[in-house]
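With TSV, C-alpha atoms and all ligand atoms inside, this is start.tsv:
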chain	number	residue	atom	x	y	z
A	1	MET	CA	-10.64	-104.49	-59.76
A	2	ASP	CA	-13.36	-104.28	-62.37
A	3	ILE	CA	-14.61	-107.74	-63.21
A	4	PRO	CA	-14.95	-108.18	-66.97
A	5	LYS	CA	-18.58	-108.65	-68.01
A	6	ASP	CA	-17.88	-112.06	-69.50
A	7	MET	CA	-16.32	-113.30	-66.27
A	8	GLN	CA	-19.17	-111.86	-64.26
A	9	ASP	CA	-21.55	-113.95	-66.39
A	10	LYS	CA	-19.45	-117.07	-65.86
A	11	LEU	CA	-19.42	-116.49	-62.11
A	12	THR	CA	-23.20	-116.21	-62.12
A	13	ARG	CA	-23.39	-119.42	-64.12
A	14	LEU	CA	-21.14	-121.14	-61.58
A	15	ARG	CA	-23.30	-119.96	-58.69
A	16	LYS	CA	-26.45	-121.23	-60.41
A	17	ALA	CA	-24.76	-124.55	-61.13
A	18	VAL	CA	-23.71	-124.90	-57.49
A	19	ASP	CA	-27.28	-124.11	-56.41
A	20	SER	CA	-28.51	-126.86	-58.73
A	21	ARG	CA	-26.09	-129.35	-57.07
A	22	GLU	CA	-25.48	-131.05	-60.41
A	23	ALA	CA	-21.88	-132.19	-60.74
A	24	GLU	CA	-21.76	-131.96	-64.53
A	25	ALA	CA	-23.22	-128.45	-64.56
A	26	ILE	CA	-20.68	-127.31	-61.96
A	27	CYS	CA	-17.77	-128.83	-63.91
A	28	LEU	CA	-18.88	-127.18	-67.16
A	29	ALA	CA	-19.45	-123.83	-65.44
A	30	TYR	CA	-16.01	-123.99	-63.87
A	31	LEU	CA	-14.35	-124.88	-67.19
A	32	ALA	CA	-16.12	-121.91	-68.80
A	33	LEU	CA	-15.00	-119.59	-66.00
A	34	ARG	CA	-11.43	-120.80	-66.29
A	35	LYS	CA	-11.46	-120.14	-70.04
A	36	SER	CA	-12.86	-116.69	-69.51
A	37	ALA	CA	-10.20	-115.94	-66.88
A	38	ALA	CA	-7.47	-116.94	-69.31
A	39	THR	CA	-8.98	-114.78	-72.06
A	40	ASN	CA	-9.21	-111.79	-69.73
A	41	GLY	CA	-5.73	-112.29	-68.30
A	42	VAL	CA	-7.03	-113.03	-64.81
A	43	GLN	CA	-4.68	-115.17	-62.70
A	44	ALA	CA	-5.92	-118.41	-61.16
A	45	ARG	CA	-5.59	-117.11	-57.60
A	46	GLU	CA	-7.64	-114.04	-58.43
A	47	MET	CA	-10.23	-116.15	-60.24
A	48	PHE	CA	-10.66	-118.34	-57.16
A	49	GLU	CA	-11.03	-115.27	-54.96
A	50	LEU	CA	-13.81	-114.03	-57.23
A	51	ALA	CA	-15.43	-117.47	-57.21
A	52	ASP	CA	-15.23	-117.66	-53.40
A	53	ARG	CA	-17.04	-114.37	-53.22
A	54	ALA	CA	-19.65	-115.37	-55.81
A	55	LEU	CA	-20.41	-118.58	-53.93
A	56	SER	CA	-19.96	-117.12	-50.42
A	57	ARG	CA	-17.76	-120.11	-49.54
A	58	PRO	CA	-14.48	-121.70	-50.67
A	59	ALA	CA	-15.11	-122.48	-54.33
A	60	ALA	CA	-12.24	-124.98	-54.64
A	61	ASN	CA	-13.95	-127.49	-52.31
A	62	VAL	CA	-17.19	-127.40	-54.26
A	63	ILE	CA	-15.41	-127.70	-57.59
A	64	ILE	CA	-13.15	-130.55	-56.48
A	65	CYS	CA	-16.19	-132.42	-55.20
A	66	ALA	CA	-18.02	-131.89	-58.51
A	67	PHE	CA	-15.08	-133.22	-60.54
A	68	ALA	CA	-14.81	-136.22	-58.20
A	69	HIS	CA	-18.41	-137.05	-59.12
A	70	ARG	CA	-18.19	-136.25	-62.81
A	71	HIS	CA	-19.45	-139.15	-64.92
A	72	CYS	CA	-17.77	-140.84	-67.85
A	73	PRO	CA	-19.70	-139.65	-70.93
A	74	MET	CA	-19.37	-143.00	-72.73
A	75	CYS	CA	-21.25	-145.29	-70.37
A	76	GLN	CA	-23.76	-145.68	-67.56
A	77	ASP	CA	-21.86	-145.94	-64.32
A	78	GLY	CA	-18.97	-147.86	-65.86
A	79	MET	CA	-20.95	-150.28	-68.01
A	80	THR	CA	-21.89	-150.34	-71.68
A	81	GLU	CA	-24.31	-152.66	-73.43
A	82	CYS	CA	-22.70	-155.97	-74.40
A	83	GLU	CA	-22.20	-156.08	-78.16
A	84	ASP	CA	-22.39	-159.87	-78.40
A	85	CYS	CA	-25.87	-160.27	-76.92
A	86	GLU	CA	-27.08	-156.68	-77.35
A	87	GLY	CA	-27.83	-156.43	-73.66
A	88	ALA	CA	-29.96	-159.57	-73.39
A	89	GLY	CA	-27.40	-161.61	-71.41
A	90	VAL	CA	-28.31	-164.66	-73.51
A	91	LEU	CA	-27.58	-165.44	-77.14
A	92	ASN	CA	-30.21	-166.15	-79.79
A	93	ASP	CA	-29.96	-169.90	-79.20
A	94	GLY	CA	-30.62	-169.45	-75.48
A	95	ARG	CA	-27.04	-170.04	-74.30
A	96	ASN	CA	-25.52	-167.67	-71.76
A	97	CYS	CA	-23.47	-164.92	-73.30
A	98	LEU	CA	-19.83	-165.56	-72.38
A	99	ALA	CA	-18.67	-162.05	-73.29
A	100	CYS	CA	-20.64	-160.48	-70.43
A	101	ASP	CA	-21.25	-163.47	-68.13
A	102	GLY	CA	-24.96	-163.02	-68.71
A	103	ILE	CA	-25.07	-159.51	-67.28
A	104	GLY	CA	-25.92	-157.94	-70.62
A	105	MET	CA	-23.31	-155.26	-70.06
A	106	THR	CA	-19.53	-155.06	-70.17
A	107	SER	CA	-17.02	-152.72	-68.54
A	108	CYS	CA	-16.56	-149.41	-70.34
A	109	ASP	CA	-13.14	-149.15	-72.01
A	110	PHE	CA	-13.06	-145.36	-71.78
A	111	CYS	CA	-13.17	-145.17	-67.96
A	112	ARG	CA	-12.03	-148.77	-67.33
A	113	GLY	CA	-15.31	-149.59	-65.69
A	114	THR	CA	-15.16	-146.95	-62.97
A	115	GLY	CA	-17.88	-144.68	-64.38
A	116	TRP	CA	-15.64	-141.74	-63.42
A	117	ALA	CA	-14.73	-139.10	-65.95
A	118	PRO	CA	-11.25	-139.91	-67.30
A	119	PRO	CA	-8.26	-137.60	-66.57
A	120	ALA	CA	-8.62	-135.78	-69.90
A	121	MET	CA	-11.95	-134.38	-68.67
A	122	MET	CA	-10.45	-132.99	-65.47
A	123	ALA	CA	-9.03	-129.52	-64.94
A	124	PRO	CA	-5.36	-130.17	-64.08
A	125	GLU	CA	-5.19	-127.44	-61.43
A	126	ILE	CA	-8.05	-129.05	-59.50
A	127	ALA	CA	-5.81	-130.83	-56.99
A	128	PRO	CA	-5.94	-134.43	-58.20
A	129	GLY	CA	-4.89	-135.74	-54.79
A	130	ILE	CA	-7.84	-134.11	-53.03
A	131	ARG	CA	-10.26	-135.14	-55.76
A	132	LYS	CA	-9.10	-138.75	-55.45
A	133	LYS	CA	-9.44	-138.55	-51.66
A	134	GLN	CA	-13.10	-137.67	-52.22
A	135	GLN	CA	-13.46	-140.67	-54.55
A	136	PHE	CA	-11.69	-142.82	-51.96
A	137	VAL	CA	-14.23	-141.74	-49.32
A	138	ASP	CA	-17.11	-142.45	-51.72
A	139	VAL	CA	-15.75	-145.89	-52.54
A	140	GLU	CA	-15.36	-146.77	-48.87
A	141	LYS	CA	-19.01	-145.82	-48.30
A	142	ASP	CA	-20.10	-147.87	-51.30
A	143	LEU	CA	-18.09	-150.83	-50.02
A	144	ALA	CA	-19.66	-150.53	-46.57
A	145	ASP	CA	-23.09	-150.73	-48.26
A	146	LEU	CA	-22.25	-153.81	-50.30
A	147	LYS	CA	-20.29	-155.63	-47.60
A	148	PRO	CA	-23.23	-156.94	-45.54
A	149	ILE	CA	-24.77	-158.32	-48.73
A	150	MET	CA	-21.48	-160.00	-49.70
A	151	LEU	CA	-20.90	-161.42	-46.22
A	152	GLY	CA	-24.42	-162.83	-46.14
A	153	SER	CA	-23.88	-164.63	-49.43
A	154	ASP	CA	-23.99	-168.42	-49.28
A	155	GLY	CA	-24.82	-169.34	-52.87
A	156	ARG	CA	-28.35	-170.41	-51.97
A	157	LYS	CA	-29.59	-166.92	-51.27
A	158	GLU	CA	-28.20	-165.81	-54.62
A	159	GLY	CA	-30.10	-168.66	-56.30
A	160	ARG	CA	-33.38	-167.04	-55.28
A	161	LEU	CA	-32.57	-163.70	-56.84
A	162	THR	CA	-34.41	-162.64	-59.95
A	163	THR	CA	-32.29	-162.16	-63.05
A	164	GLU	CA	-32.58	-158.41	-62.73
A	165	GLN	CA	-31.57	-158.42	-59.07
A	166	ARG	CA	-28.55	-160.61	-59.79
A	167	ARG	CA	-27.48	-158.46	-62.72
A	168	SER	CA	-27.76	-155.30	-60.71
A	169	LEU	CA	-25.59	-156.81	-57.93
A	170	GLN	CA	-23.05	-157.94	-60.51
A	171	ARG	CA	-22.88	-154.48	-62.04
A	172	TRP	CA	-22.51	-152.92	-58.62
A	173	ALA	CA	-19.70	-155.30	-57.60
A	174	MET	CA	-17.92	-154.89	-60.94
A	175	ARG	CA	-18.00	-151.10	-60.78
A	176	LEU	CA	-16.78	-151.11	-57.21
A	177	ARG	CA	-13.95	-153.50	-58.10
A	178	ALA	CA	-12.95	-151.26	-61.04
A	179	ARG	CA	-12.95	-148.21	-58.75
A	180	LEU	CA	-10.88	-149.96	-56.10
A	181	ASN	CA	-8.35	-151.06	-58.70
A	182	SER	CA	-8.18	-147.56	-60.11
A	183	LEU	CA	-7.50	-146.07	-56.64
A	184	ILE	CA	-4.99	-148.74	-55.63
A	185	HIS	CA	-2.84	-147.95	-58.66
A	186	ASP	CA	-3.17	-144.18	-58.42
A	187	GLU	CA	-0.05	-142.29	-57.42
A	188	ASP	CA	-1.90	-138.99	-56.89
A	189	LEU	CA	-3.83	-140.55	-54.04
A	190	ASP	CA	-0.72	-141.64	-52.16
A	191	LEU	CA	-2.34	-144.41	-50.10
A	192	ASN	CA	-0.40	-145.85	-47.19
A	193	THR	CA	0.43	-149.58	-47.00
A	194	GLU	CA	-2.42	-150.31	-44.61
A	195	GLU	CA	-5.01	-148.62	-46.85
A	196	LYS	CA	-3.67	-150.39	-49.92
A	197	LYS	CA	-3.84	-153.72	-48.14
A	198	ARG	CA	-7.44	-153.08	-47.13
A	199	LEU	CA	-8.48	-152.14	-50.67
A	200	LEU	CA	-6.70	-155.17	-52.14
A	201	GLN	CA	-8.50	-157.39	-49.67
A	202	ALA	CA	-11.82	-155.85	-50.73
A	203	VAL	CA	-10.97	-156.58	-54.37
A	204	GLY	CA	-10.45	-160.24	-53.39
A	205	GLU	CA	-13.82	-160.32	-51.62
A	206	LEU	CA	-15.53	-158.79	-54.63
A	207	ASP	CA	-13.89	-161.36	-56.92
A	208	ALA	CA	-15.22	-164.17	-54.74
A	209	TYR	CA	-18.69	-162.64	-54.62
A	210	LEU	CA	-18.76	-162.14	-58.39
A	211	ALA	CA	-17.73	-165.78	-58.84
A	212	THR	CA	-20.63	-166.85	-56.59
A	213	LEU	CA	-23.10	-164.79	-58.62
A	214	ARG	CA	-21.65	-166.20	-61.84
A	215	ASN	CA	-21.91	-169.79	-60.64
A	216	VAL	CA	-25.50	-169.37	-59.55
A	217	HIS	CA	-26.24	-167.99	-62.98
A	218	ALA	CA	-24.38	-170.80	-64.80
A	219	GLY	CA	-26.25	-173.39	-62.71
A	220	LYS	CA	-29.64	-172.14	-63.87
B	1	ZN	ZN	-23.39	-160.37	-73.58
B	2	ZN	ZN	-17.14	-145.16	-69.03
Structure rendered as structure tokens:
Amino acid sequence: MDIPKDMQDKLTRLRKAVDSREAEAICLAYLALRKSAATNGVQAREMFELADRALSRPAANVIICAFAHRHCPMCQDGMTECEDCEGAGVLNDGRNCLACDGIGMTSCDFCRGTGWAPPAMMAPEIAPGIRKKQQFVDVEKDLADLKPIMLGSDGRKEGRLTTEQRRSLQRWAMRLRARLNSLIHDEDLDLNTEEKKRLLQAVGELDAYLATLRNVHAGK
């Protein structure tokens, strides 16, 4: 078939976005292509065939991966500046800010602290189950990175951290906990009992680690 000029442009844009490896650019290019397909009366299956050809590989995989990594537009990786202390972590009189536990940032309401783009920003036909699987894999990797640090924690080690180091660990642990909670309660992901148990256990470990970091901070 003749590809409408507008769709041809959108396919080129998608290919450039994929070459750039930027998740947001790929998501936007795909959303534009999808709109153009609808306008030109091109069916989804046909659109994906065209995209496969434009990318010289299965487009769905690339697009699912991009949406799995799309960021929430309202925050930085799940956190927004604390309104009570304006990011300082301490109040004007020097007391610790209770609203943010001295981190200077609080969980983003829009994405519930995950940093992931909320469902409204996803294309519904982009298999949510597969996208979540990708997020599940990412979270497991992230957890494997943080675990040795958590296991090595004894309270004393944490006491030697600089404020910035401690805050960055707190933000990391909080975001990971938010992501775990989001996956545990997600029906699209369809986790088995064993996986759920493992994630719940990790949430417990993160809670304990966050409490340790908080106590060290409060003791200063
Ligand atoms: Zn605060
Ligand atoms: Zn957010």
Report as a Markdown table the residues of chain A within 9 Å of ligand ZN 2 (chain B), each with its shortest atom pair and distance in Å (one decimal), using only C-alpha atoms and all ligand atoms, ordered by chain and increasing residue number.
| residue | atom | partner | partner_atom | distance |
| --- | --- | --- | --- | --- |
| A:His71 | CA | B:ZN2 | ZN | 7.6 |
| A:Cys72 | CA | B:ZN2 | ZN | 4.5 |
| A:Pro73 | CA | B:ZN2 | ZN | 6.4 |
| A:Met74 | CA | B:ZN2 | ZN | 4.8 |
| A:Cys75 | CA | B:ZN2 | ZN | 4.3 |
| A:Gln76 | CA | B:ZN2 | ZN | 6.8 |
| A:Asp77 | CA | B:ZN2 | ZN | 6.7 |
| A:Gly78 | CA | B:ZN2 | ZN | 4.5 |
| A:Met79 | CA | B:ZN2 | ZN | 6.5 |
| A:Thr80 | CA | B:ZN2 | ZN | 7.5 |
| A:Ser107 | CA | B:ZN2 | ZN | 7.6 |
| A:Cys108 | CA | B:ZN2 | ZN | 4.5 |
| A:Asp109 | CA | B:ZN2 | ZN | 6.4 |
| A:Phe110 | CA | B:ZN2 | ZN | 4.9 |
| A:Cys111 | CA | B:ZN2 | ZN | 4.1 |
| A:Arg112 | CA | B:ZN2 | ZN | 6.5 |
| A:Gly113 | CA | B:ZN2 | ZN | 5.8 |
| A:Thr114 | CA | B:ZN2 | ZN | 6.6 |
| A:Gly115 | CA | B:ZN2 | ZN | 4.7 |
| A:Trp116 | CA | B:ZN2 | ZN | 6.7 |
| A:Ala117 | CA | B:ZN2 | ZN | 7.2 |
| A:Pro118 | CA | B:ZN2 | ZN | 8.1 |
Using atom CA of Asp84 of chain A and atom CA of Arg160 of chain A as the two end points, give the distance in Å to one decimal. 26.6 Å
Go through A:Gln170, A:Thr12, A:Thr39, A:Ser56 and flag the residue nearest Asp101 of chain A, using all atoms listed in the file for the distances.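 Smallest separation from Asp101 of chain A among the options: A:Gln170.
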Contact table chain A vs ligand ZN 1 (chain B), cut-off 6 Å, shortest pair per residue, only C-alpha atoms and all ligand atoms, as a Markdown table:
| residue | atom | partner | partner_atom | distance |
| --- | --- | --- | --- | --- |
| A:Cys82 | CA | B:ZN1 | ZN | 4.5 |
| A:Asp84 | CA | B:ZN1 | ZN | 4.9 |
| A:Cys85 | CA | B:ZN1 | ZN | 4.2 |
| A:Gly87 | CA | B:ZN1 | ZN | 5.9 |
| A:Gly89 | CA | B:ZN1 | ZN | 4.7 |
| A:Cys97 | CA | B:ZN1 | ZN | 4.6 |
| A:Ala99 | CA | B:ZN1 | ZN | 5.0 |
| A:Cys100 | CA | B:ZN1 | ZN | 4.2 |
| A:Gly102 | CA | B:ZN1 | ZN | 5.8 |
| A:Gly104 | CA | B:ZN1 | ZN | 4.6 |
Can you pull out every residue within 12 Å of segment 34-37 of chain A, counting all atoms listed in the file, but drop anything in the same chain fewer than 2 positions away, and send it as a PyMOL selection string? chain A and resi 3-11+14+27-32+39-51+63+123-126
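Picture a line from atom CA of Arg214 of chain A to atom CA of Arg166 of chain A; it runs 9.1 Å.
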Proximity to Leu180 of chain A - best of A:Leu146, A:Ala127, A:Leu206, A:Ile64, all atoms listed in the file: A:Leu206
